[in-house]
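Chemist: This is the content of final_28.pdb (PDB, C-alpha atoms):
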ATOM      1  CA  MET A1298       0.000   0.000   0.000
ATOM      2  CA  ASN A1299       1.126   3.587  -0.575
ATOM      3  CA  ASN A1300       1.920   6.288   1.991
ATOM      4  CA  ILE A1301      -0.286   9.039   0.570
ATOM      5  CA  ASN A1302      -1.758  11.377   3.190
ATOM      6  CA  TYR A1303      -5.358  11.410   1.987
ATOM      7  CA  GLN A1304      -6.440  13.893   4.640
ATOM      8  CA  LYS A1305      -3.966  16.464   3.323
ATOM      9  CA  GLU A1306      -5.217  15.813  -0.227
ATOM     10  CA  LEU A1307      -8.776  16.393   0.951
ATOM     11  CA  GLU A1308      -7.904  19.586   2.816
ATOM     12  CA  LYS A1309      -6.152  20.951  -0.247
ATOM     13  CA  LEU A1310      -9.276  20.366  -2.352
ATOM     14  CA  LEU A1311     -11.601  21.839   0.265
ATOM     15  CA  ASN A1312      -9.498  24.992   0.485
ATOM     16  CA  GLN A1313      -9.582  25.265  -3.295
ATOM     17  CA  LEU A1314     -13.378  24.946  -3.344
ATOM     18  CA  LYS A1315     -13.708  27.551  -0.616
ATOM     19  CA  ASN A1316     -11.395  30.009  -2.374
ATOM     20  CA  ASN A1317     -13.232  29.559  -5.669
ATOM     21  CA  LYS A1318     -16.609  29.800  -3.909
ATOM     22  CA  GLU A1319     -17.649  26.495  -5.458
ATOM     23  CA  VAL A1320     -20.244  24.194  -3.856
ATOM     24  CA  PRO A1321     -20.207  20.931  -5.847
ATOM     25  CA  THR A1322     -22.507  17.957  -5.385
ATOM     26  CA  LEU A1323     -21.276  14.905  -3.507
ATOM     27  CA  PHE A1324     -22.743  11.392  -3.439
ATOM     28  CA  ILE A1325     -21.669   9.711  -0.188
ATOM     29  CA  HIS A1326     -21.975   5.991   0.363
ATOM     30  CA  SER A1327     -22.720   5.542   4.066
ATOM     31  CA  CYS A1328     -22.086   2.360   5.994
ATOM     32  CA  CYS A1329     -24.087   3.528   9.022
ATOM     33  CA  ALA A1330     -25.400   6.611  10.823
ATOM     34  CA  PRO A1331     -22.624   6.794  13.475
ATOM     35  CA  CYS A1332     -19.850   6.739  10.871
ATOM     36  CA  SER A1333     -21.652   9.276   8.701
ATOM     37  CA  SER A1334     -22.241  11.737  11.550
ATOM     38  CA  TYR A1335     -18.782  13.316  11.524
ATOM     39  CA  VAL A1336     -18.422  13.038   7.747
ATOM     40  CA  LEU A1337     -21.666  14.944   7.211
ATOM     41  CA  GLU A1338     -20.784  17.555   9.808
ATOM     42  CA  TYR A1339     -17.421  18.051   8.112
ATOM     43  CA  LEU A1340     -18.273  17.919   4.405
ATOM     44  CA  SER A1341     -21.653  19.674   4.446
ATOM     45  CA  GLU A1342     -19.662  22.884   4.889
ATOM     46  CA  TYR A1343     -18.346  22.438   1.340
ATOM     47  CA  PHE A1344     -20.764  20.233  -0.643
ATOM     48  CA  LYS A1345     -24.420  19.659  -1.413
ATOM     49  CA  ILE A1346     -24.678  16.061  -0.277
ATOM     50  CA  THR A1347     -26.822  13.028  -0.972
ATOM     51  CA  VAL A1348     -26.295  10.129   1.422
ATOM     52  CA  PHE A1349     -26.589   6.754  -0.270
ATOM     53  CA  TYR A1350     -27.316   3.827   2.021
ATOM     54  CA  TYR A1351     -26.315   0.712   0.097
ATOM     55  CA  ASN A1352     -25.048  -2.173   2.230
ATOM     56  CA  PRO A1353     -26.158  -5.598   0.971
ATOM     57  CA  ASN A1354     -23.635  -7.145   3.363
ATOM     58  CA  ILE A1355     -25.757  -6.371   6.431
ATOM     59  CA  TYR A1356     -27.103  -9.369   8.340
ATOM     60  CA  PRO A1357     -29.801 -10.065   9.366
ATOM     61  CA  ALA A1358     -32.533  -8.142   7.512
ATOM     62  CA  GLU A1359     -33.870  -6.642  10.755
ATOM     63  CA  GLU A1360     -30.434  -5.163  11.401
ATOM     64  CA  TYR A1361     -30.358  -3.688   7.911
ATOM     65  CA  HIS A1362     -33.711  -1.944   8.291
ATOM     66  CA  LYS A1363     -32.745  -0.681  11.741
ATOM     67  CA  ARG A1364     -29.612   0.929  10.319
ATOM     68  CA  VAL A1365     -31.502   2.505   7.413
ATOM     69  CA  LYS A1366     -33.956   4.144   9.814
ATOM     70  CA  GLU A1367     -31.122   5.365  12.026
ATOM     71  CA  GLN A1368     -29.462   6.972   8.994
ATOM     72  CA  GLU A1369     -32.649   8.766   7.962
ATOM     73  CA  ASP A1370     -33.303   9.916  11.520
ATOM     74  CA  LEU A1371     -29.792  11.349  11.846
ATOM     75  CA  ILE A1372     -30.105  13.406   8.655
ATOM     76  CA  GLY A1373     -33.397  14.806   9.944
ATOM     77  CA  LYS A1374     -31.748  15.892  13.198
ATOM     78  CA  MET A1375     -28.732  17.648  11.683
ATOM     79  CA  SER A1376     -28.568  21.309  10.647
ATOM     80  CA  PRO A1377     -26.028  21.387   7.800
ATOM     81  CA  LYS A1378     -24.832  24.501   6.020
ATOM     82  CA  TYR A1379     -25.768  23.011   2.644
ATOM     83  CA  PRO A1380     -28.572  20.500   1.916
ATOM     84  CA  VAL A1381     -28.176  16.826   2.819
ATOM     85  CA  GLU A1382     -30.576  14.437   1.125
ATOM     86  CA  PHE A1383     -31.053  10.693   1.478
ATOM     87  CA  LEU A1384     -31.300   7.840  -1.008
ATOM     88  CA  ALA A1385     -31.840   4.248   0.102
ATOM     89  CA  GLY A1386     -30.359   1.544  -2.061
ATOM     90  CA  THR A1387     -31.920  -1.868  -2.614
ATOM     91  CA  TYR A1388     -31.273  -4.535  -0.010
ATOM     92  CA  GLU A1389     -29.847  -7.370  -2.107
ATOM     93  CA  PRO A1390     -27.737  -9.695   0.093
ATOM     94  CA  SER A1391     -27.390 -12.212  -2.750
ATOM     95  CA  LYS A1392     -25.027  -9.745  -4.474
ATOM     96  CA  PHE A1393     -22.828  -9.665  -1.385
ATOM     97  CA  TYR A1394     -22.633 -13.453  -1.120
ATOM     98  CA  HIS A1395     -21.840 -13.683  -4.828
ATOM     99  CA  ALA A1396     -19.071 -11.063  -4.510
ATOM    100  CA  ILE A1397     -17.317 -12.859  -1.640
ATOM    101  CA  LYS A1398     -17.894 -16.427  -2.824
ATOM    102  CA  GLY A1399     -14.907 -18.612  -1.929
ATOM    103  CA  MET A1400     -13.702 -16.101   0.677
ATOM    104  CA  GLU A1401     -16.195 -16.940   3.411
ATOM    105  CA  HIS A1402     -13.437 -18.415   5.593
ATOM    106  CA  MET A1403     -11.272 -15.274   5.510
ATOM    107  CA  LYS A1404     -10.920 -13.005   8.510
ATOM    108  CA  GLU A1405     -12.101  -9.422   8.956
ATOM    109  CA  GLY A1406      -9.842  -7.023   7.034
ATOM    110  CA  SER A1407      -8.981  -9.556   4.316
ATOM    111  CA  GLN A1408      -9.690  -9.704   0.586
ATOM    112  CA  ARG A1409     -13.251 -10.631   1.510
ATOM    113  CA  CYS A1410     -13.703  -7.134   2.938
ATOM    114  CA  TYR A1411     -12.004  -5.526  -0.071
ATOM    115  CA  SER A1412     -14.477  -7.247  -2.387
ATOM    116  CA  CYS A1413     -17.282  -5.918  -0.217
ATOM    117  CA  TYR A1414     -15.801  -2.392  -0.423
ATOM    118  CA  GLU A1415     -15.745  -2.625  -4.205
ATOM    119  CA  LEU A1416     -19.314  -3.921  -4.427
ATOM    120  CA  ARG A1417     -20.659  -0.949  -2.475
ATOM    121  CA  LEU A1418     -18.416   1.660  -4.072
ATOM    122  CA  ARG A1419     -19.178   0.427  -7.578
ATOM    123  CA  GLU A1420     -22.917   0.781  -7.051
ATOM    124  CA  SER A1421     -22.259   4.272  -5.684
ATOM    125  CA  ALA A1422     -20.186   5.208  -8.737
ATOM    126  CA  VAL A1423     -22.858   3.907 -11.116
ATOM    127  CA  ILE A1424     -25.607   5.971  -9.519
ATOM    128  CA  ALA A1425     -23.388   9.031  -9.052
ATOM    129  CA  LYS A1426     -22.768   8.953 -12.801
ATOM    130  CA  GLU A1427     -26.443   8.441 -13.642
ATOM    131  CA  LEU A1428     -27.478  11.362 -11.429
ATOM    132  CA  GLU A1429     -24.574  13.533 -12.647
ATOM    133  CA  PHE A1430     -22.896  14.182  -9.304
ATOM    134  CA  ASP A1431     -19.578  16.015  -9.264
ATOM    135  CA  TYR A1432     -17.975  13.645  -6.727
ATOM    136  CA  PHE A1433     -18.613  10.390  -4.893
ATOM    137  CA  THR A1434     -17.003   8.886  -1.811
ATOM    138  CA  THR A1435     -17.682   6.642   1.207
ATOM    139  CA  THR A1436     -17.773   7.027   4.982
ATOM    140  CA  LEU A1437     -15.962   3.702   5.428
ATOM    141  CA  SER A1438     -12.512   5.228   5.957
ATOM    142  CA  ILE A1439     -13.581   6.708   9.308
ATOM    143  CA  SER A1440     -13.355   3.295  10.943
ATOM    144  CA  PRO A1441      -9.991   2.261  12.450
ATOM    145  CA  MET A1442     -10.881  -1.241  11.196
ATOM    146  CA  LYS A1443     -11.119  -0.199   7.541
ATOM    147  CA  ASN A1444      -8.192   0.096   5.133
ATOM    148  CA  ALA A1445      -8.255   3.693   3.867
ATOM    149  CA  ALA A1446      -5.511   3.118   1.298
ATOM    150  CA  LYS A1447      -7.449   0.227  -0.248
ATOM    151  CA  LEU A1448     -10.691   2.227  -0.254
ATOM    152  CA  ASN A1449      -9.001   5.117  -2.059
ATOM    153  CA  GLU A1450      -7.345   2.725  -4.507
ATOM    154  CA  ILE A1451     -10.743   1.228  -5.392
ATOM    155  CA  GLY A1452     -12.306   4.692  -5.573
ATOM    156  CA  SER A1453      -9.609   5.885  -7.974
ATOM    157  CA  GLN A1454     -10.122   2.863 -10.229
ATOM    158  CA  LEU A1455     -13.873   3.486 -10.319
ATOM    159  CA  GLU A1456     -13.285   7.173 -11.069
ATOM    160  CA  GLU A1457     -11.385   6.164 -14.202
ATOM    161  CA  GLU A1458     -14.011   3.593 -15.120
ATOM    162  CA  TYR A1459     -17.109   5.770 -14.679
ATOM    163  CA  GLY A1460     -15.787   9.296 -15.110
ATOM    164  CA  VAL A1461     -17.033  10.623 -11.758
ATOM    165  CA  LYS A1462     -14.415  12.166  -9.467
ATOM    166  CA  TYR A1463     -13.683  10.207  -6.305
ATOM    167  CA  LEU A1464     -13.215  12.271  -3.155
ATOM    168  CA  HIS A1465     -10.103  10.810  -1.541
ATOM    169  CA  SER A1466     -10.288  10.666   2.212
ATOM    170  CA  ASP A1467      -9.198   9.156   5.481
ATOM    171  CA  PHE A1468     -11.936  10.390   7.763
ATOM    172  CA  LYS A1469     -10.445   8.837  10.880
ATOM    173  CA  LYS A1470      -7.797  11.595  10.740
ATOM    174  CA  ARG A1471      -8.298  14.895  12.593
ATOM    175  CA  ASN A1472      -9.891  12.828  15.386
ATOM    176  CA  GLY A1473     -12.738  11.997  13.006
ATOM    177  CA  TYR A1474     -13.501   8.660  14.625
ATOM    178  CA  LYS A1475     -13.468  10.231  18.092
ATOM    179  CA  ARG A1476     -15.808  12.975  16.895
ATOM    180  CA  SER A1477     -18.189  10.380  15.411
ATOM    181  CA  ILE A1478     -18.470   8.777  18.859
ATOM    182  CA  GLU A1479     -19.217  12.165  20.428
ATOM    183  CA  LEU A1480     -21.873  12.917  17.822
ATOM    184  CA  SER A1481     -23.377   9.445  18.224
ATOM    185  CA  ASN A1482     -23.802  10.185  21.922
ATOM    186  CA  ASP A1483     -25.180  13.667  21.228
ATOM    187  CA  TYR A1484     -27.786  12.325  18.794
ATOM    188  CA  GLY A1485     -28.485   9.131  20.731
ATOM    189  CA  LEU A1486     -27.479   6.921  17.815
ATOM    190  CA  TYR A1487     -27.511   3.146  17.843
ATOM    191  CA  ARG A1488     -23.904   1.929  17.549
ATOM    192  CA  GLN A1489     -23.711  -1.676  16.422
ATOM    193  CA  ASP A1490     -20.946  -3.877  17.849
ATOM    194  CA  TYR A1491     -20.058  -5.640  14.588
ATOM    195  CA  CYS A1492     -19.288  -4.442  11.056
ATOM    196  CA  GLY A1493     -22.472  -5.776   9.536
ATOM    197  CA  CYS A1494     -22.074  -9.077   7.715
ATOM    198  CA  VAL A1495     -22.809 -12.526   9.105
ATOM    199  CA  PHE A1496     -19.075 -13.291   9.232
ATOM    200  CA  SER A1497     -18.202 -10.211  11.286
ATOM    201  CA  LYS A1498     -21.137 -10.957  13.582
ATOM    202  CA  LYS A1499     -19.828 -14.472  14.147
ATOM    203  CA  GLU A1500     -16.283 -13.213  14.804
ATOM    204  CA  ARG A1501     -17.642 -10.705  17.320
ATOM    205  CA  GLN A1502     -19.645 -13.360  19.135
ATOM    206  CA  GLU A1503     -16.603 -15.648  19.307
ATOM    207  CA  SER A1504     -14.382 -12.870  20.673
ATOM    208  CA  LEU A1505     -16.934 -12.104  23.387
ATOM    209  CA  LYS A1506     -16.979 -15.772  24.418
ATOM    210  CA  GLU A1507     -13.187 -15.751  24.734
ATOM    211  CA  SER A1508     -13.025 -12.532  26.762
TER     212      SER A1508
END
For this file, produce the structure as structure tokens.
Modeler:
Amino acid sequence: MNNINYQKELEKLLNQLKNNKEVPTLFIHSCCAPCSSYVLEYLSEYFKITVFYYNPNIYPAEEYHKRVKEQEDLIGKMSPKYPVEFLAGTYEPSKFYHAIKGMEHMKEGSQRCYSCYELRLRESAVIAKELEFDYFTTTLSISPMKNAAKLNEIGSQLEEEYGVKYLHSDFKKRNGYKRSIELSNDYGLYRQDYCGCVFSKKERQESLKES
């Protein structure tokens, strides 16, 4: 992996937008309300945002619908400088299982997760292009458990493929993850204790048994 400082890249772009008095549109894939809280607080100062909730990896279905509602509720509670809208994707877990077929045995943070990143980012890129957004990105890099370099690598590849600019980021920087926890408490958000898929849920349950 490379040693690019994605936060510095992002800050450079944001300063440029501010100086040019530009307010572009941004299509943000969100993994959950808690992770999106800081990202929305931060980026709504510079962009007109649409939050895209597309996570076919979530298990079980009740958990998925709970997280969708939490995302919608959060957006309704926030007071952003520029508009933040919401778009719910289709819940299609079969696409997730197809994407990670043969990798079910792999651990959290492996190629299985990278394939899941790509599945969600690709759908985001497709819709961002269809709806003519200026940029697209994901909240995933805010998590200490997610590989920001890999996310940005996938985003860059999709930018070339679909012709929509990818907003490079590492949202855990600048105490982003810490701030997301503070905002989750402020808004009373539900914070799940596993990433989302059946495999991460199982790993979490096993680790709790061992502790």
Chemist: Return as JSON, numbers by chain the set of residues that the PyMOL selection byres ((chain A and resi 1360) around 12) yields on the displayed structure.
Modeler: {"A": [1329, 1352, 1353, 1354, 1355, 1356, 1357, 1358, 1359, 1361, 1362, 1363, 1364, 1365, 1366, 1367, 1388, 1487, 1488, 1489, 1490, 1491, 1492, 1493, 1494, 1495, 1498]}
Chemist: Carefully work through the PyMOL selection byres ((chain A and resi 1460) around 12) for this structure and note down the residues it includes, as number ranges by chain.
Modeler: A: 1422-1427, 1429-1433, 1452-1459, 1461-1463
Chemist: Pull C-alpha atoms from the residues just selected and write them as a PDB file, keeping the file's coordinate frame.
Modeler:
ATOM      1  CA  ALA A1422     -20.186   5.208  -8.737  1.00  0.00           C
ATOM      2  CA  VAL A1423     -22.858   3.907 -11.116  1.00  0.00           C
ATOM      3  CA  ILE A1424     -25.607   5.971  -9.519  1.00  0.00           C
ATOM      4  CA  ALA A1425     -23.388   9.031  -9.052  1.00  0.00           C
ATOM      5  CA  LYS A1426     -22.768   8.953 -12.801  1.00  0.00           C
ATOM      6  CA  GLU A1427     -26.443   8.441 -13.642  1.00  0.00           C
ATOM      7  CA  GLU A1429     -24.574  13.533 -12.647  1.00  0.00           C
ATOM      8  CA  PHE A1430     -22.896  14.182  -9.304  1.00  0.00           C
ATOM      9  CA  ASP A1431     -19.578  16.015  -9.264  1.00  0.00           C
ATOM     10  CA  TYR A1432     -17.975  13.645  -6.727  1.00  0.00           C
ATOM     11  CA  PHE A1433     -18.613  10.390  -4.893  1.00  0.00           C
ATOM     12  CA  GLY A1452     -12.306   4.692  -5.573  1.00  0.00           C
ATOM     13  CA  SER A1453      -9.609   5.885  -7.974  1.00  0.00           C
ATOM     14  CA  GLN A1454     -10.122   2.863 -10.229  1.00  0.00           C
ATOM     15  CA  LEU A1455     -13.873   3.486 -10.319  1.00  0.00           C
ATOM     16  CA  GLU A1456     -13.285   7.173 -11.069  1.00  0.00           C
ATOM     17  CA  GLU A1457     -11.385   6.164 -14.202  1.00  0.00           C
ATOM     18  CA  GLU A1458     -14.011   3.593 -15.120  1.00  0.00           C
ATOM     19  CA  TYR A1459     -17.109   5.770 -14.679  1.00  0.00           C
ATOM     20  CA  VAL A1461     -17.033  10.623 -11.758  1.00  0.00           C
ATOM     21  CA  LYS A1462     -14.415  12.166  -9.467  1.00  0.00           C
ATOM     22  CA  TYR A1463     -13.683  10.207  -6.305  1.00  0.00           C
TER      23      TYR A1463
END
Chemist: Check the smallest atom-to-atom distance from each of A:Ala1446, A:Phe1393, A:Glu1503, A:Lys1475 to A:Asn1300 using all atoms listed in the file, then report the winner.
Modeler: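 With all atoms listed in the file as the atom set, the closest residue is A:Ala1446.
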Chemist: Using only C-alpha atoms, which of A:Leu1314, A:Ile1439, A:Glu1382, A:Leu1448 sits nearest A:Lys1470?
Modeler: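 Nearest to A:Lys1470: A:Ile1439.
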Chemist: Would you list the contacts of A:Met1375 as a list in words, taking every protein, DNA or RNA residue within 10 Å and counting only C-alpha atoms, but skipping same-chain residues closer than 6 positions in sequence?
Modeler: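 So the residues in contact are Ser1334, Leu1337, Glu1338, Val1381 and Tyr1484 of chain A.
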Chemist: Using all atoms listed in the file, which residue out of A:Ser1376, A:Thr1434, A:Asn1302, A:Ser1412 lies closest to A:Thr1347?
Modeler: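 Checking each candidate against A:Thr1347, we get A:Thr1434 as the closest.
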